[in-house]
Each structure stands twice: as C-alpha cells, then as structure tokens.
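Taking it in order: structure first as structure tokens, then the write-up.
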Amino acid sequence: MAKRNRVQNKQARPIKTWFHRKKKVQQGTYIARDEYAIKAQKAGYRARSVYKLLEMQERFELIKPEYSVIDIWCAPGSFLQAIRNIVREKTIIGVDLKECKPFSYPNVSTLQCSIFEYEKLSKMVIDIIWDDQFDLITSDIAPNTTGRFDVDQYASVELNIEICKFSEWFLKQWGNMILKVFKGEDFNDLAQEIKKRFENMTTFKPMACRDSSHEEYIICWNKK
C-alpha cells in the first residue's frame with residue numbers, strides 16, 4: 001500500500017470535561033490499573049475503554065436517545081453499557097467474534113459473528129430488528145498486535161476499511177460512525193474510504209487513551 005500524507009482534521013475548541021491525565025507515561029509502558037480502570041470497576045463498567053466513548057459523547061453528542069446503535073467488536077461490552085444509559089428503548093446490538101456476556105436489558109442484544117459475513121449477520125440482525133440499518137455505528141476494533149507498529153497500524157487500517165464497507169449495508173443515510181485506528185503511514189487510505197461514504201470526518205484522541213498509545217478515534221459525519 002502506497003504511503004501517503006497524514007490527514008489531520010482536529011477540533012480546535014477546548015474540551016470542557018473532567019477527563020485529564022495525571023501523569024505522563026513513557027513510550028512502551030503499560031499500566032494495568034490506572035485511574036480509568038479503577039473508576040470503571042467502581043462504576044460497574046466492564047472495561048476502562050468506556051471513558052473514551054463517554055468523553056466523545058460529552059464533546060460531540062453522537063448518541064441520541066432516539067437512535068438505534070450497533071457496536072462493532074463489542075466485547076467485553078463497556079460501550080454497550082454506556083450506550084444503554086442514553087438509549088433507553090431503541091434497539092442496541094453488539095457484534096464480536098468473541099462471546100460477549102449478555103445483558104438483562106430487553107433492548108440490548110449481543111451477536112457472535114464476523115462483521116465481514118454481511119449476509120449472515122444481516123439475517124441475525126433482522127431477527128432482532130425488522131430494519132437492519134442503524135442511526136449510529138460505534139467501534140473499538142483493534143487487530144491482534146504483533147509488537148511491530150508498521151504491521152499493526154496497517155492491520156488496523158484494513159479492519160476499519162472493512163467497517164466502512166459494512167456501513168454501506170447497516171448504516172442509514174445521514175447516519176454517523178465512530179472508528180478507532182492506529183494512526184500511521186497508511187492512515188490516508190482509510191481517510192479516502194471514509195470520504196467516499198461520509199460528508200465529513202474528525203479525528204479525536206480522548207484523554208482516556210494511554211499516553212503511549214497510537215490509537216485515535218475518527219468521527220464520521222453524515223453518511224452519503
């Protein structure tokens with residue numbers, strides 16, 4: 001894949017939020033029990049990653065009470081928990097290759113399936129909701145890492161390009177999408193795929209991301 005220039009489209013306005021970093025972490029350092037992990041456990045969330053979604057919600061208000069939502073790579077389910085707190089009655093579906101422990105909420109379902117098997121997944125979704133299109137797609141997808149950043153970021157871009165194709169089937173016109181990507185030399189390939197399908201895009205790195213992480217989130221606005 002040819003190398004292209006990075007695409008930068010970051011919001012300039014300050015974030016009015018309680019999210020913050022208390023200390024810097026050296027590159028390559030991993031802290032299993034940081035402030036967000038402890039906070040998530042106390043709040044009953046299944047993973048610390050929920051605070052990334054909550055920060056994006058506080059800033060961009062992507063999730064609306066009237067939205068139906070599908071969450072890609074949902075296990076262990078912390079995004080679904082946060083979404084359920086906003087979307088009380090509309091359908092919420094989580095999809096993952098791994099089994100995700102089900103929830104007791106009647107409007108939250110979890111499916112164990114590859115997102116790349118579009119026809120199979122569509123049939124499973126229709127069993128839950130007659131219209132297999134959603135107002136919002138969320139994703140915290142990440143490849144199985146190798147420790148080589150060039151390989152891992154390429155795999156991350158390829159996964160997200162597939163989710164862009166997935167949005168053609170499952171996202172309503174003018175719907176929005178959240179993606180997570182390891183940002184590197186191949187990022188522009190993903191940006192081009194997004195621009196084919198969406199009116200606009202914004203990159204954002206929540207404070208809940210670890211300092212050593214290369215991950216960023218892409219807010220994709222208004223499906224064409």
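In the structure tokens, the first chain shown is A, the next is B, and so on; residue numbers restart at 1 for each chain, and ligands run from 1 in the order shown.
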Exercise. So which bits of region 82-167 of chain A end up strand (DSSP E or B) when you DSSP the backbone, as JSON, numbers by chain?
Worked result: {"A": [92, 93, 94, 95, 96, 108, 109, 110, 111, 112, 134, 135, 136, 137, 138, 139]}
Exercise. Pick the closest to Asn176 (chain A) from A:Ile93, A:Ile161, A:Val151, A:Ile219: which is it, counting only C-alpha atoms?
Worked result: A:Ile219
Just the residues within 12 Å of region 186-196 of chain A, please, counting only C-alpha atoms, with nothing from its chain fewer than 6 positions along; format it as a short mmCIF file (atom, residue, chain, number, x, y, z; two decimals) with C-alpha atoms, in the first residue's frame.
```cif
data_model
loop_
_atom_site.label_atom_id
_atom_site.label_comp_id
_atom_site.auth_asym_id
_atom_site.auth_seq_id
_atom_site.Cartn_x
_atom_site.Cartn_y
_atom_site.Cartn_z
CA MET A 1 0.00 0.00 0.00
CA ALA A 2 1.45 3.30 -1.01
CA LYS A 3 2.47 5.74 1.65
CA ARG A 4 0.54 8.96 1.73
CA ASN A 5 0.50 12.09 3.82
CA ARG A 6 -1.40 12.07 7.08
CA VAL A 7 -4.87 13.52 7.22
CA GLN A 8 -5.36 15.93 10.08
CA ASN A 9 -8.74 17.42 10.95
CA PHE A 149 3.89 -0.76 14.78
CA ASP A 150 4.02 -0.73 10.97
CA VAL A 151 2.34 -4.13 10.78
CA ASP A 152 -0.20 -3.34 13.49
CA GLN A 153 -1.25 0.03 12.09
CA TYR A 154 -1.64 -1.46 8.61
CA ALA A 155 -3.89 -4.20 10.04
CA SER A 156 -5.87 -1.56 11.94
CA VAL A 157 -6.44 0.47 8.77
CA GLU A 158 -7.55 -2.65 6.86
CA LEU A 159 -10.06 -3.59 9.56
CA ASN A 160 -11.54 -0.10 9.54
CA ILE A 161 -11.81 -0.06 5.76
CA GLU A 162 -13.91 -3.20 6.09
CA ILE A 163 -16.14 -1.44 8.62
CA CYS A 164 -16.60 1.37 6.10
CA LYS A 165 -17.89 -1.26 3.68
CA PHE A 166 -20.03 -2.67 6.48
CA SER A 167 -21.61 0.76 6.90
CA GLU A 168 -22.94 0.56 3.35
CA ASN A 176 -22.77 8.70 11.82
CA MET A 177 -19.95 6.32 12.71
CA ILE A 178 -17.12 6.11 15.27
CA LEU A 179 -13.95 4.21 14.38
CA LYS A 180 -10.74 3.51 16.28
CA THR A 202 -12.97 14.49 12.52
CA THR A 203 -10.06 12.80 14.33
CA HIS A 214 -1.05 5.46 18.92
CA GLU A 215 -4.81 4.97 18.76
CA GLU A 216 -7.14 7.74 17.68
CA TYR A 217 -10.86 7.83 17.01
CA ILE A 218 -12.48 9.04 13.81
CA ILE A 219 -15.91 10.62 13.92
CA CYS A 220 -17.56 10.07 10.54
CA TRP A 221 -20.43 12.50 9.94
CA ASN A 222 -23.46 12.13 7.67
CA LYS A 223 -23.36 9.03 5.50
CA LYS A 224 -23.94 9.95 1.87
#
```
Exercise. Of the residues A:Ile129, A:Leu136, A:Tyr67, A:Ser78, which is the one nearest to Gly44 (chain A), using only C-alpha atoms?
Worked result: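 Counting only C-alpha atoms, the residue closest to Gly44 (chain A) is A:Ser78.
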Exercise. Skipping near chain neighbours, those fewer than 6 positions away, what residues fall within 12 Å of Lys123 (chain A) using only C-alpha atoms, listed as number ranges by chain?
Worked result: A: 111, 113, 117, 129-133, 169-170
Problem set entry | CA of Gln112 (chain A) to CA of Gly94 (chain A), distance in Å rounded to a single decimal |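 These atoms are spaced 8.5 Å apart.
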For this session: Point out the residue among A:Leu171, A:Ala82, A:Ile115, A:Ile126 with the least atom-to-atom distance to Glu55 (chain A), counting only C-alpha atoms.
Result: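 Closest candidate: A:Ala82.
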Problem set entry | All residues 7 Å or closer to region 73-75 of chain A, only C-alpha atoms, same chain fewer than 5 positions away omitted, as a ChimeraX atom specification | /A:94-96,98,100,139-141
For this session: Kindly give the distance, in Å, that separates CA of Asp71 (chain A) and CA of Glu119 (chain A), rounded to a single decimal.
Result: 17.4 Å
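For the residues A:Ile70, A:Gln81, A:Glu199, A:Pro143, ranking by smallest atom-to-atom distance to Ile128 (chain A) using only C-alpha atoms places A:Ile70 first.
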Problem set entry | Selected residue, from A:Phe60, A:Arg88, A:Leu97, A:Ser104, that lies nearest to Phe116 (chain A) when counting only C-alpha atoms | A:Leu97
For this session: Could you find all residues in region 88-198 of chain A that DSSP calls helix (DSSP H, G or I) from the backbone, and write them as an MDAnalysis selection string?
Result: chainID A and resid 118:126 149:170 187:197
Exercise. In terms of the shortest atom-to-atom distance over only C-alpha atoms, which of A:Glu66, A:Lys172, A:Ala47, A:Arg59 is closest to Phe79 (chain A)?
Worked result: A:Ala47
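As for CA of Glu61 (chain A) and CA of Lys90 (chain A), they are spaced 16.8 Å apart.
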